[in-house]
Amino acid sequence: MLDLPLFDEEHRAFSAGLKSWLDEVAAAEDESDAATTSRAWVRALAEGGWLRACVPGVYGGLRADLDVRTLCLARERLAYRSALADFAFAMQGLGGGPIALYGSAELKRRYLPEIAAGRCIGAFALSEFEAGSDVGALTTRARRENGGYVIDGEKAWISNAGIANLYVVFARTGEAGPKGLSAFAVDAAANGCRMERPIETISPHPLGSLRLDGVRVSNECRIGQEGEGFKIAMAVLDVFRSTVGAAAIGFARRALDESVTHVKTRQLFGKPLADLQLTQAAIATMATDVDAGALLVYRAAWAKDSGRARVTREAAMAKWFATEAAGRVCDRAVQLFGGRGVTRGEIVERLYRDVRALRIYEGASEIQQLVIARQLLAT
């Protein structure tokens with residue numbers, strides 16, 4: 001972690017403790033069975049007490065409220081070690097985030113302690129095949145019936161689809177556009193709720209489409225008020241977009257460290273690769289990208305933790321710059337490794353695949369640029 005005045009002693013102890021734990025915990029990587037590996041990481045993180053960072057203190061959390069700097073520190077440390085470890089942690093936070101921020105007391109009591117204990121695996125079911133960046137185009141519908149709601153539709157690119165116990169589902173309850181959306185806590189075991197099909201990606205993790213056919217939920221399962229779904233989704237992303245940038249920095253920092261070790265030992269034309277000026281330029285650029293991304297990430301996290309209601313611009317900047325910078329760093333690492341860099345099983349080859357999706361999910365880079373510009377032009 002960067003040694004900055006943005007952190008207090010609890011942050012420093014948390015980061016150091018997580019690093020020590022990761023150094024001791026057995027490897028749990030198997031890309032051929034990402035679902036099993038993800039479940040294993042959830043169990044391990046829960047047993048280590050690290051999932052407590054994903055819920056407020058009264059429900060078993062580390063601090064009174066969700067602390068974004070802690071979430072970011074966790075994701076940076078975990079991503080440095082394992083993409084699936086980071087994924088498992090992040091989805092517990094994102095899946096429970098709407099309930100932690102907007103859920104009723106009953107929903108919080110029901111789900112948040114279970115999320116912290118790893119007994120409930122969460123999922124954030126927002127996207128659809130024709131409604132990713134354009135959230136207002138969602139077509140999944142929730143209609144009122146018999147004192148509750150009936151939900152019909154299909155969600156796409158849902159992380160933890162098929163292994164989640166809880167889906168936070170965003171559905172249309174009213175008019176067209178963002179103002180007609182609402183959010184619901186849906187148990188995976190509910191009749192009519194099923195994973196339609198898995199979706200395979202270049203960096204494997206549990207991902208799929210989710211089908212909801214006549215899924216009945218009570219009024220008590222609605223999160224927030226009817227019509228607040230878009231506000232809830234954006235507020236949750238305000239918190240977690242910074243953490244995506246933190247994960248990107250974890251990948252990039254690992255790629256930089258692997259590259260520094262490699263160029264010091266790899267001989268080329270009778271001397272270390274590190275002696276070549278173009279190598280030195282690449283290392284300098286990588287290091288600067290890592291530090292610049294980290295500064296933006298932790299500035300956004302600090303601003304949110306300091307009591308700012310919304311940090312939309314700062315979070316968008318952090319997510320956009322850090323993920324793009326991490327992509328550049330991992331690409332340069334592959335180049336420095338040469339043939340080894342594109343060989344399956346090499347660390348930098350895996351990092352190159354792991355980092356790519358971060359520029360797309362939770363708001364693509366292009367969307368972040370629009371968010372930043374609109375925030376500035378509105379003033």
# chains A, B, ... in the order shown; residues from 1 in each chain; ligands from 1
>>> residues_around(residues="Arg340 (chain A)", least_positions_apart="6", cutoff="12 Å", atoms="only C-alpha atoms", output="list in words")
Ser259, His262, Arg266, Ala333, Val334, Glu346, Ile347, Val348, Glu349 and Arg350 of chain A
>>> write_last_selection(atoms="N, CA and C atoms", output="mmCIF file, in the first residue's frame")
data_model
loop_
_atom_site.group_PDB
_atom_site.id
_atom_site.type_symbol
_atom_site.label_atom_id
_atom_site.label_comp_id
_atom_site.auth_asym_id
_atom_site.auth_seq_id
_atom_site.Cartn_x
_atom_site.Cartn_y
_atom_site.Cartn_z
ATOM 1 N N SER A 259 7.994 -8.059 -13.511
ATOM 2 C CA SER A 259 8.819 -7.531 -14.595
ATOM 3 C C SER A 259 10.180 -7.078 -14.088
ATOM 4 N N HIS A 262 12.264 -10.081 -13.505
ATOM 5 C CA HIS A 262 12.627 -10.717 -14.779
ATOM 6 C C HIS A 262 13.756 -9.969 -15.486
ATOM 7 N N ARG A 266 17.174 -11.737 -16.755
ATOM 8 C CA ARG A 266 17.158 -12.158 -18.163
ATOM 9 C C ARG A 266 18.340 -11.540 -18.886
ATOM 10 N N ALA A 333 4.343 -5.676 -19.412
ATOM 11 C CA ALA A 333 4.955 -6.825 -18.755
ATOM 12 C C ALA A 333 5.047 -8.001 -19.713
ATOM 13 N N VAL A 334 3.983 -8.263 -20.442
ATOM 14 C CA VAL A 334 4.011 -9.332 -21.448
ATOM 15 C C VAL A 334 5.115 -9.074 -22.457
ATOM 16 N N GLU A 346 2.195 -18.717 -17.295
ATOM 17 C CA GLU A 346 3.050 -17.647 -16.781
ATOM 18 C C GLU A 346 2.190 -16.619 -16.042
ATOM 19 N N ILE A 347 2.731 -16.048 -14.986
ATOM 20 C CA ILE A 347 1.962 -15.105 -14.178
ATOM 21 C C ILE A 347 1.530 -13.903 -14.999
ATOM 22 N N VAL A 348 2.431 -13.341 -15.819
ATOM 23 C CA VAL A 348 2.044 -12.133 -16.554
ATOM 24 C C VAL A 348 1.019 -12.443 -17.641
ATOM 25 N N GLU A 349 1.035 -13.655 -18.160
ATOM 26 C CA GLU A 349 -0.005 -14.038 -19.142
ATOM 27 C C GLU A 349 -1.368 -14.046 -18.461
ATOM 28 N N ARG A 350 -1.424 -14.584 -17.259
ATOM 29 C CA ARG A 350 -2.689 -14.600 -16.522
ATOM 30 C C ARG A 350 -3.131 -13.190 -16.170
#
>>> residues_around(residues="region 117-133 of chain A", least_positions_apart="3", cutoff="8 Å", atoms="only C-alpha atoms", output="ChimeraX atom specification")
/A:42-43,45-47,49,51-52,91-96,111,113-114,136-138,154-161,163-170,363-364,367
>>> write_last_selection(atoms="N, CA and C atoms", output="mmCIF file, in the first residue's frame")
data_model
loop_
_atom_site.group_PDB
_atom_site.id
_atom_site.type_symbol
_atom_site.label_atom_id
_atom_site.label_comp_id
_atom_site.auth_asym_id
_atom_site.auth_seq_id
_atom_site.Cartn_x
_atom_site.Cartn_y
_atom_site.Cartn_z
ATOM 1 N N VAL A 42 -14.396 -17.773 -0.793
ATOM 2 C CA VAL A 42 -15.383 -17.177 0.110
ATOM 3 C C VAL A 42 -15.253 -17.789 1.498
ATOM 4 N N ARG A 43 -15.145 -19.124 1.559
ATOM 5 C CA ARG A 43 -14.999 -19.795 2.861
ATOM 6 C C ARG A 43 -13.723 -19.344 3.568
ATOM 7 N N LEU A 45 -11.892 -16.597 3.106
ATOM 8 C CA LEU A 45 -11.952 -15.187 3.496
ATOM 9 C C LEU A 45 -12.848 -14.982 4.706
ATOM 10 N N ALA A 46 -13.932 -15.744 4.767
ATOM 11 C CA ALA A 46 -14.823 -15.655 5.929
ATOM 12 C C ALA A 46 -14.124 -16.165 7.186
ATOM 13 N N GLU A 47 -13.458 -17.311 7.069
ATOM 14 C CA GLU A 47 -12.759 -17.875 8.220
ATOM 15 C C GLU A 47 -11.649 -16.948 8.708
ATOM 16 N N GLY A 49 -11.826 -13.790 8.618
ATOM 17 C CA GLY A 49 -12.449 -12.572 9.128
ATOM 18 C C GLY A 49 -12.437 -11.410 8.156
ATOM 19 N N LEU A 51 -14.109 -10.941 5.308
ATOM 20 C CA LEU A 51 -15.399 -10.532 4.747
ATOM 21 C C LEU A 51 -16.142 -9.582 5.679
ATOM 22 N N ARG A 52 -15.676 -9.425 6.881
ATOM 23 C CA ARG A 52 -16.287 -8.455 7.802
ATOM 24 C C ARG A 52 -16.152 -7.032 7.264
ATOM 25 N N MET A 91 -17.528 -9.567 -4.742
ATOM 26 C CA MET A 91 -18.941 -9.881 -4.935
ATOM 27 C C MET A 91 -19.699 -9.976 -3.620
ATOM 28 N N GLN A 92 -19.011 -10.321 -2.533
ATOM 29 C CA GLN A 92 -19.685 -10.274 -1.232
ATOM 30 C C GLN A 92 -20.033 -8.824 -0.887
ATOM 31 N N GLY A 93 -19.131 -7.910 -1.220
ATOM 32 C CA GLY A 93 -19.409 -6.504 -0.967
ATOM 33 C C GLY A 93 -20.468 -5.941 -1.889
ATOM 34 N N LEU A 94 -20.329 -6.204 -3.181
ATOM 35 C CA LEU A 94 -21.268 -5.662 -4.164
ATOM 36 C C LEU A 94 -22.645 -6.298 -4.020
ATOM 37 N N GLY A 95 -22.677 -7.608 -3.762
ATOM 38 C CA GLY A 95 -23.959 -8.287 -3.612
ATOM 39 C C GLY A 95 -24.737 -7.815 -2.401
ATOM 40 N N GLY A 96 -24.026 -7.502 -1.323
ATOM 41 C CA GLY A 96 -24.695 -7.031 -0.115
ATOM 42 C C GLY A 96 -24.808 -5.521 -0.018
ATOM 43 N N TYR A 111 -29.590 -10.906 5.962
ATOM 44 C CA TYR A 111 -28.552 -11.232 4.986
ATOM 45 C C TYR A 111 -27.125 -10.812 5.366
ATOM 46 N N PRO A 113 -25.180 -10.501 8.190
ATOM 47 C CA PRO A 113 -24.310 -11.390 8.970
ATOM 48 C C PRO A 113 -23.943 -12.661 8.207
ATOM 49 N N GLU A 114 -24.861 -13.145 7.371
ATOM 50 C CA GLU A 114 -24.589 -14.346 6.583
ATOM 51 C C GLU A 114 -23.547 -14.082 5.501
ATOM 52 N N GLY A 136 -31.107 2.499 -17.896
ATOM 53 C CA GLY A 136 -32.495 2.891 -18.059
ATOM 54 C C GLY A 136 -33.259 2.066 -19.069
ATOM 55 N N ALA A 137 -32.556 1.223 -19.839
ATOM 56 C CA ALA A 137 -33.206 0.398 -20.854
ATOM 57 C C ALA A 137 -33.608 -0.982 -20.331
ATOM 58 N N LEU A 138 -33.462 -1.226 -19.027
ATOM 59 C CA LEU A 138 -33.806 -2.529 -18.469
ATOM 60 C C LEU A 138 -35.242 -2.916 -18.804
ATOM 61 N N GLU A 154 -34.801 -11.537 -17.928
ATOM 62 C CA GLU A 154 -33.505 -12.221 -17.993
ATOM 63 C C GLU A 154 -32.380 -11.225 -17.771
ATOM 64 N N LYS A 155 -31.473 -11.586 -16.891
ATOM 65 C CA LYS A 155 -30.292 -10.783 -16.604
ATOM 66 C C LYS A 155 -29.068 -11.427 -17.252
ATOM 67 N N ALA A 156 -28.093 -10.612 -17.623
ATOM 68 C CA ALA A 156 -26.925 -11.133 -18.335
ATOM 69 C C ALA A 156 -25.635 -10.655 -17.680
ATOM 70 N N TRP A 157 -24.576 -11.441 -17.884
ATOM 71 C CA TRP A 157 -23.247 -11.135 -17.344
ATOM 72 C C TRP A 157 -23.309 -10.951 -15.824
ATOM 73 N N ILE A 158 -24.019 -11.852 -15.167
ATOM 74 C CA ILE A 158 -24.178 -11.757 -13.723
ATOM 75 C C ILE A 158 -23.096 -12.592 -13.038
ATOM 76 N N SER A 159 -22.212 -11.909 -12.348
ATOM 77 C CA SER A 159 -21.167 -12.602 -11.590
ATOM 78 C C SER A 159 -21.796 -13.370 -10.437
ATOM 79 N N ASN A 160 -21.314 -14.575 -10.221
ATOM 80 C CA ASN A 160 -21.817 -15.534 -9.222
ATOM 81 C C ASN A 160 -23.119 -16.194 -9.637
ATOM 82 N N ALA A 161 -23.552 -15.979 -10.884
ATOM 83 C CA ALA A 161 -24.741 -16.683 -11.358
ATOM 84 C C ALA A 161 -24.516 -18.183 -11.227
ATOM 85 N N ILE A 163 -24.033 -19.833 -8.409
ATOM 86 C CA ILE A 163 -23.502 -20.201 -7.091
ATOM 87 C C ILE A 163 -24.021 -19.267 -5.999
ATOM 88 N N ALA A 164 -24.678 -18.172 -6.387
ATOM 89 C CA ALA A 164 -25.167 -17.212 -5.397
ATOM 90 C C ALA A 164 -26.352 -17.775 -4.621
ATOM 91 N N ASN A 165 -26.452 -17.353 -3.381
ATOM 92 C CA ASN A 165 -27.636 -17.626 -2.560
ATOM 93 C C ASN A 165 -28.607 -16.450 -2.592
ATOM 94 N N LEU A 166 -28.075 -15.264 -2.903
ATOM 95 C CA LEU A 166 -28.866 -14.036 -2.914
ATOM 96 C C LEU A 166 -28.569 -13.249 -4.184
ATOM 97 N N TYR A 167 -29.620 -12.875 -4.892
ATOM 98 C CA TYR A 167 -29.492 -11.976 -6.037
ATOM 99 C C TYR A 167 -30.189 -10.660 -5.705
ATOM 100 N N VAL A 168 -29.477 -9.546 -5.841
ATOM 101 C CA VAL A 168 -30.135 -8.245 -5.789
ATOM 102 C C VAL A 168 -30.537 -7.920 -7.214
ATOM 103 N N VAL A 169 -31.831 -7.976 -7.492
ATOM 104 C CA VAL A 169 -32.359 -7.865 -8.849
ATOM 105 C C VAL A 169 -32.975 -6.484 -9.052
ATOM 106 N N PHE A 170 -32.591 -5.844 -10.143
ATOM 107 C CA PHE A 170 -33.157 -4.555 -10.516
ATOM 108 C C PHE A 170 -34.177 -4.790 -11.624
ATOM 109 N N GLY A 363 -19.350 -0.142 -15.456
ATOM 110 C CA GLY A 363 -19.235 1.088 -16.230
ATOM 111 C C GLY A 363 -17.974 1.097 -17.055
ATOM 112 N N ALA A 364 -18.110 0.949 -18.379
ATOM 113 C CA ALA A 364 -16.955 0.911 -19.264
ATOM 114 C C ALA A 364 -16.185 2.236 -19.213
ATOM 115 N N ILE A 367 -17.927 5.192 -20.622
ATOM 116 C CA ILE A 367 -18.982 5.723 -19.761
ATOM 117 C C ILE A 367 -18.392 6.588 -18.658
#
>>> residues_around(residues="Ser242 (chain A)", least_positions_apart="2", cutoff="8 Å", atoms="only C-alpha atoms", output="mmCIF file with C-alpha atoms, in the first residue's frame")
data_model
loop_
_atom_site.group_PDB
_atom_site.id
_atom_site.type_symbol
_atom_site.label_atom_id
_atom_site.label_comp_id
_atom_site.auth_asym_id
_atom_site.auth_seq_id
_atom_site.Cartn_x
_atom_site.Cartn_y
_atom_site.Cartn_z
ATOM 1 C CA VAL A 68 -14.179 2.326 1.129
ATOM 2 C CA CYS A 72 -9.873 -0.863 -1.712
ATOM 3 C CA ASP A 238 -20.212 5.151 -6.209
ATOM 4 C CA VAL A 239 -18.722 3.002 -3.458
ATOM 5 C CA PHE A 240 -17.515 0.050 -5.470
ATOM 6 C CA VAL A 244 -12.459 -1.845 -9.161
ATOM 7 C CA GLY A 245 -9.604 0.603 -9.638
ATOM 8 C CA ALA A 246 -7.927 -0.842 -6.546
ATOM 9 C CA VAL A 297 -8.232 5.351 -6.206
ATOM 10 C CA TYR A 298 -7.410 6.234 -2.618
ATOM 11 C CA ALA A 300 -11.854 8.762 -4.144
ATOM 12 C CA ALA A 301 -12.058 6.268 -1.285
ATOM 13 C CA ALA A 315 -14.874 7.409 -8.425
ATOM 14 C CA ALA A 316 -15.238 7.618 -12.216
ATOM 15 C CA ALA A 318 -10.281 6.415 -10.306
ATOM 16 C CA LYS A 319 -11.996 3.568 -12.111
#
>>> atom_distance(atom1="CA of Gly293 (chain A)", atom2="CA of Phe321 (chain A)")
6.1 Å
>>> residues_around(residues="Arg353 (chain A)", least_positions_apart="5", cutoff="12 Å", atoms="only C-alpha atoms", output="VMD selection string")
chain A and resid 31 83 201 to 205 248 251 to 252 255 326 to 327 330 to 331 334 341 to 348 358 to 359
>>> write_last_selection(atoms="N, CA and C atoms", output="PDB file, in the first residue's frame")
ATOM      1  N   GLU A  31      -8.508 -22.635 -12.735  1.00  0.00           N
ATOM      2  CA  GLU A  31      -9.319 -21.953 -13.728  1.00  0.00           C
ATOM      3  C   GLU A  31     -10.324 -22.886 -14.383  1.00  0.00           C
ATOM      4  N   ALA A  83      -6.882 -13.393  -8.911  1.00  0.00           N
ATOM      5  CA  ALA A  83      -8.076 -12.755  -9.463  1.00  0.00           C
ATOM      6  C   ALA A  83      -9.345 -13.327  -8.842  1.00  0.00           C
ATOM      7  N   THR A 201     -15.480 -16.451 -20.157  1.00  0.00           N
ATOM      8  CA  THR A 201     -14.688 -15.266 -20.461  1.00  0.00           C
ATOM      9  C   THR A 201     -13.201 -15.615 -20.441  1.00  0.00           C
ATOM     10  N   ILE A 202     -12.365 -14.666 -20.910  1.00  0.00           N
ATOM     11  CA  ILE A 202     -10.931 -14.950 -21.021  1.00  0.00           C
ATOM     12  C   ILE A 202     -10.272 -15.129 -19.657  1.00  0.00           C
ATOM     13  N   SER A 203     -10.865 -14.543 -18.620  1.00  0.00           N
ATOM     14  CA  SER A 203     -10.391 -14.749 -17.250  1.00  0.00           C
ATOM     15  C   SER A 203     -11.531 -15.422 -16.491  1.00  0.00           C
ATOM     16  N   PRO A 204     -11.499 -16.745 -16.380  1.00  0.00           N
ATOM     17  CA  PRO A 204     -12.665 -17.479 -15.881  1.00  0.00           C
ATOM     18  C   PRO A 204     -13.094 -17.091 -14.475  1.00  0.00           C
ATOM     19  N   HIS A 205     -14.391 -16.883 -14.318  1.00  0.00           N
ATOM     20  CA  HIS A 205     -15.027 -16.767 -13.012  1.00  0.00           C
ATOM     21  C   HIS A 205     -16.494 -17.103 -13.203  1.00  0.00           C
ATOM     22  N   ALA A 248      -7.478  -3.285 -10.040  1.00  0.00           N
ATOM     23  CA  ALA A 248      -6.614  -3.077 -11.200  1.00  0.00           C
ATOM     24  C   ALA A 248      -5.192  -2.751 -10.764  1.00  0.00           C
ATOM     25  N   PHE A 251      -3.381  -5.940  -9.723  1.00  0.00           N
ATOM     26  CA  PHE A 251      -2.871  -6.676 -10.889  1.00  0.00           C
ATOM     27  C   PHE A 251      -1.622  -5.983 -11.448  1.00  0.00           C
ATOM     28  N   ALA A 252      -1.701  -4.664 -11.586  1.00  0.00           N
ATOM     29  CA  ALA A 252      -0.599  -3.923 -12.181  1.00  0.00           C
ATOM     30  C   ALA A 252       0.657  -3.980 -11.312  1.00  0.00           C
ATOM     31  N   ALA A 255       2.290  -7.242 -11.839  1.00  0.00           N
ATOM     32  CA  ALA A 255       2.951  -7.276 -13.145  1.00  0.00           C
ATOM     33  C   ALA A 255       4.255  -6.489 -13.108  1.00  0.00           C
ATOM     34  N   ALA A 326      -3.618   0.019 -15.645  1.00  0.00           N
ATOM     35  CA  ALA A 326      -3.262  -1.368 -15.351  1.00  0.00           C
ATOM     36  C   ALA A 326      -3.186  -2.201 -16.617  1.00  0.00           C
ATOM     37  N   GLY A 327      -4.084  -1.919 -17.566  1.00  0.00           N
ATOM     38  CA  GLY A 327      -4.003  -2.616 -18.847  1.00  0.00           C
ATOM     39  C   GLY A 327      -2.684  -2.341 -19.546  1.00  0.00           C
ATOM     40  N   CYS A 330       0.200  -4.262 -17.619  1.00  0.00           N
ATOM     41  CA  CYS A 330       0.217  -5.703 -17.888  1.00  0.00           C
ATOM     42  C   CYS A 330       0.645  -5.996 -19.323  1.00  0.00           C
ATOM     43  N   ASP A 331       0.262  -5.126 -20.240  1.00  0.00           N
ATOM     44  CA  ASP A 331       0.695  -5.301 -21.632  1.00  0.00           C
ATOM     45  C   ASP A 331       2.209  -5.148 -21.752  1.00  0.00           C
ATOM     46  N   VAL A 334       3.983  -8.263 -20.442  1.00  0.00           N
ATOM     47  CA  VAL A 334       4.011  -9.332 -21.448  1.00  0.00           C
ATOM     48  C   VAL A 334       5.115  -9.074 -22.457  1.00  0.00           C
ATOM     49  N   GLY A 341       5.839 -14.355 -22.037  1.00  0.00           N
ATOM     50  CA  GLY A 341       4.709 -13.518 -21.680  1.00  0.00           C
ATOM     51  C   GLY A 341       3.382 -13.969 -22.258  1.00  0.00           C
ATOM     52  N   VAL A 342       3.429 -14.724 -23.337  1.00  0.00           N
ATOM     53  CA  VAL A 342       2.183 -15.221 -23.946  1.00  0.00           C
ATOM     54  C   VAL A 342       2.046 -16.729 -23.775  1.00  0.00           C
ATOM     55  N   THR A 343       2.826 -17.288 -22.875  1.00  0.00           N
ATOM     56  CA  THR A 343       2.782 -18.726 -22.608  1.00  0.00           C
ATOM     57  C   THR A 343       1.821 -19.023 -21.470  1.00  0.00           C
ATOM     58  N   ARG A 344       0.873 -19.898 -21.740  1.00  0.00           N
ATOM     59  CA  ARG A 344      -0.108 -20.268 -20.723  1.00  0.00           C
ATOM     60  C   ARG A 344       0.595 -20.777 -19.457  1.00  0.00           C
ATOM     61  N   GLY A 345       0.171 -20.264 -18.314  1.00  0.00           N
ATOM     62  CA  GLY A 345       0.766 -20.672 -17.048  1.00  0.00           C
ATOM     63  C   GLY A 345       1.721 -19.648 -16.473  1.00  0.00           C
ATOM     64  N   GLU A 346       2.195 -18.717 -17.295  1.00  0.00           N
ATOM     65  CA  GLU A 346       3.050 -17.647 -16.781  1.00  0.00           C
ATOM     66  C   GLU A 346       2.190 -16.619 -16.042  1.00  0.00           C
ATOM     67  N   ILE A 347       2.731 -16.048 -14.986  1.00  0.00           N
ATOM     68  CA  ILE A 347       1.962 -15.105 -14.178  1.00  0.00           C
ATOM     69  C   ILE A 347       1.530 -13.903 -14.999  1.00  0.00           C
ATOM     70  N   VAL A 348       2.431 -13.341 -15.819  1.00  0.00           N
ATOM     71  CA  VAL A 348       2.044 -12.133 -16.554  1.00  0.00           C
ATOM     72  C   VAL A 348       1.019 -12.443 -17.641  1.00  0.00           C
ATOM     73  N   LEU A 358     -11.839  -5.404 -16.410  1.00  0.00           N
ATOM     74  CA  LEU A 358     -12.056  -4.297 -15.488  1.00  0.00           C
ATOM     75  C   LEU A 358     -12.329  -2.988 -16.217  1.00  0.00           C
ATOM     76  N   ARG A 359     -11.934  -2.892 -17.480  1.00  0.00           N
ATOM     77  CA  ARG A 359     -12.207  -1.689 -18.260  1.00  0.00           C
ATOM     78  C   ARG A 359     -13.637  -1.669 -18.791  1.00  0.00           C
TER      79      ARG A 359
END
>>> select_by_dssp(residues="region 136-352 of chain A", states="alpha helix (DSSP H)", output="PyMOL selection string")
chain A and resi 229-265+277-305+312-337+347-352
>>> write_last_selection(atoms="C-alpha atoms", output="mmCIF file, in the first residue's frame")
data_model
loop_
_atom_site.group_PDB
_atom_site.id
_atom_site.type_symbol
_atom_site.label_atom_id
_atom_site.label_comp_id
_atom_site.auth_asym_id
_atom_site.auth_seq_id
_atom_site.Cartn_x
_atom_site.Cartn_y
_atom_site.Cartn_z
ATOM 1 C CA GLY A 229 -33.658 1.319 -8.101
ATOM 2 C CA PHE A 230 -31.529 3.548 -10.303
ATOM 3 C CA LYS A 231 -30.527 5.723 -7.353
ATOM 4 C CA ILE A 232 -29.618 2.630 -5.350
ATOM 5 C CA ALA A 233 -27.544 1.139 -8.191
ATOM 6 C CA MET A 234 -25.635 4.395 -8.736
ATOM 7 C CA ALA A 235 -25.001 4.903 -5.023
ATOM 8 C CA VAL A 236 -23.624 1.371 -4.688
ATOM 9 C CA LEU A 237 -21.421 1.872 -7.745
ATOM 10 C CA ASP A 238 -20.212 5.151 -6.209
ATOM 11 C CA VAL A 239 -18.722 3.002 -3.458
ATOM 12 C CA PHE A 240 -17.515 0.050 -5.470
ATOM 13 C CA ARG A 241 -16.169 1.720 -8.623
ATOM 14 C CA SER A 242 -13.167 2.895 -6.629
ATOM 15 C CA THR A 243 -12.566 -0.676 -5.517
ATOM 16 C CA VAL A 244 -12.459 -1.845 -9.161
ATOM 17 C CA GLY A 245 -9.604 0.603 -9.638
ATOM 18 C CA ALA A 246 -7.927 -0.842 -6.546
ATOM 19 C CA ALA A 247 -8.127 -4.355 -7.967
ATOM 20 C CA ALA A 248 -6.614 -3.077 -11.200
ATOM 21 C CA ILE A 249 -3.725 -1.585 -9.217
ATOM 22 C CA GLY A 250 -3.211 -4.956 -7.511
ATOM 23 C CA PHE A 251 -2.871 -6.676 -10.889
ATOM 24 C CA ALA A 252 -0.599 -3.923 -12.181
ATOM 25 C CA ARG A 253 1.633 -3.909 -9.117
ATOM 26 C CA ARG A 254 2.124 -7.676 -9.441
ATOM 27 C CA ALA A 255 2.951 -7.276 -13.145
ATOM 28 C CA LEU A 256 5.473 -4.554 -12.298
ATOM 29 C CA ASP A 257 7.141 -6.635 -9.577
ATOM 30 C CA GLU A 258 7.352 -9.688 -11.832
ATOM 31 C CA SER A 259 8.819 -7.531 -14.595
ATOM 32 C CA VAL A 260 11.478 -5.959 -12.375
ATOM 33 C CA THR A 261 12.621 -9.406 -11.219
ATOM 34 C CA HIS A 262 12.627 -10.717 -14.779
ATOM 35 C CA VAL A 263 14.621 -7.911 -16.405
ATOM 36 C CA LYS A 264 17.294 -8.107 -13.707
ATOM 37 C CA THR A 265 17.954 -11.773 -14.443
ATOM 38 C CA GLN A 277 17.453 2.045 -21.883
ATOM 39 C CA LEU A 278 14.139 1.050 -23.495
ATOM 40 C CA THR A 279 13.635 -1.479 -20.708
ATOM 41 C CA GLN A 280 14.306 1.198 -18.125
ATOM 42 C CA ALA A 281 11.819 3.507 -19.853
ATOM 43 C CA ALA A 282 9.180 0.767 -19.775
ATOM 44 C CA ILE A 283 9.748 0.095 -16.071
ATOM 45 C CA ALA A 284 9.594 3.816 -15.254
ATOM 46 C CA THR A 285 6.327 4.216 -17.173
ATOM 47 C CA MET A 286 4.805 1.158 -15.495
ATOM 48 C CA ALA A 287 5.755 2.368 -12.019
ATOM 49 C CA THR A 288 4.331 5.832 -12.683
ATOM 50 C CA ASP A 289 1.058 4.366 -13.978
ATOM 51 C CA VAL A 290 0.750 2.225 -10.846
ATOM 52 C CA ASP A 291 1.344 5.103 -8.433
ATOM 53 C CA ALA A 292 -0.852 7.569 -10.334
ATOM 54 C CA GLY A 293 -3.704 5.058 -10.430
ATOM 55 C CA ALA A 294 -3.343 4.287 -6.735
ATOM 56 C CA LEU A 295 -3.436 7.981 -5.826
ATOM 57 C CA LEU A 296 -6.704 8.495 -7.723
ATOM 58 C CA VAL A 297 -8.232 5.351 -6.206
ATOM 59 C CA TYR A 298 -7.410 6.234 -2.618
ATOM 60 C CA ARG A 299 -8.358 9.878 -3.083
ATOM 61 C CA ALA A 300 -11.854 8.762 -4.144
ATOM 62 C CA ALA A 301 -12.058 6.268 -1.285
ATOM 63 C CA TRP A 302 -10.889 8.872 1.252
ATOM 64 C CA ALA A 303 -13.446 11.400 -0.049
ATOM 65 C CA LYS A 304 -16.285 8.904 0.400
ATOM 66 C CA ASP A 305 -15.118 7.872 3.865
ATOM 67 C CA THR A 312 -19.311 10.301 -8.654
ATOM 68 C CA ARG A 313 -16.583 12.263 -10.428
ATOM 69 C CA GLU A 314 -13.744 11.042 -8.228
ATOM 70 C CA ALA A 315 -14.874 7.409 -8.425
ATOM 71 C CA ALA A 316 -15.238 7.618 -12.216
ATOM 72 C CA MET A 317 -11.745 9.108 -12.552
ATOM 73 C CA ALA A 318 -10.281 6.415 -10.306
ATOM 74 C CA LYS A 319 -11.996 3.568 -12.111
ATOM 75 C CA TRP A 320 -11.215 4.880 -15.611
ATOM 76 C CA PHE A 321 -7.578 5.812 -15.093
ATOM 77 C CA ALA A 322 -6.580 2.889 -12.881
ATOM 78 C CA THR A 323 -8.081 0.198 -15.118
ATOM 79 C CA GLU A 324 -6.666 1.710 -18.302
ATOM 80 C CA ALA A 325 -3.263 2.203 -16.656
ATOM 81 C CA ALA A 326 -3.262 -1.368 -15.351
ATOM 82 C CA GLY A 327 -4.003 -2.616 -18.847
ATOM 83 C CA ARG A 328 -0.954 -0.745 -20.122
ATOM 84 C CA VAL A 329 1.227 -2.079 -17.309
ATOM 85 C CA CYS A 330 0.217 -5.703 -17.888
ATOM 86 C CA ASP A 331 0.695 -5.301 -21.632
ATOM 87 C CA ARG A 332 4.227 -3.961 -21.128
ATOM 88 C CA ALA A 333 4.955 -6.825 -18.755
ATOM 89 C CA VAL A 334 4.011 -9.332 -21.448
ATOM 90 C CA GLN A 335 6.269 -7.497 -23.895
ATOM 91 C CA LEU A 336 9.200 -7.564 -21.487
ATOM 92 C CA PHE A 337 8.755 -11.297 -20.943
ATOM 93 C CA ILE A 347 1.962 -15.105 -14.178
ATOM 94 C CA VAL A 348 2.044 -12.133 -16.554
ATOM 95 C CA GLU A 349 -0.005 -14.038 -19.142
ATOM 96 C CA ARG A 350 -2.689 -14.600 -16.522
ATOM 97 C CA LEU A 351 -2.549 -10.980 -15.375
ATOM 98 C CA TYR A 352 -2.950 -9.812 -18.986
#
>>> atom_distance(atom1="CA of Gly153 (chain A)", atom2="CA of Arg356 (chain A)")
28.5 Å
>>> closest_residue(among="A:Gly227, A:Cys193, A:Ser218, A:Glu9", to="Gly177 (chain A)", atoms="only C-alpha atoms")
A:Gly227
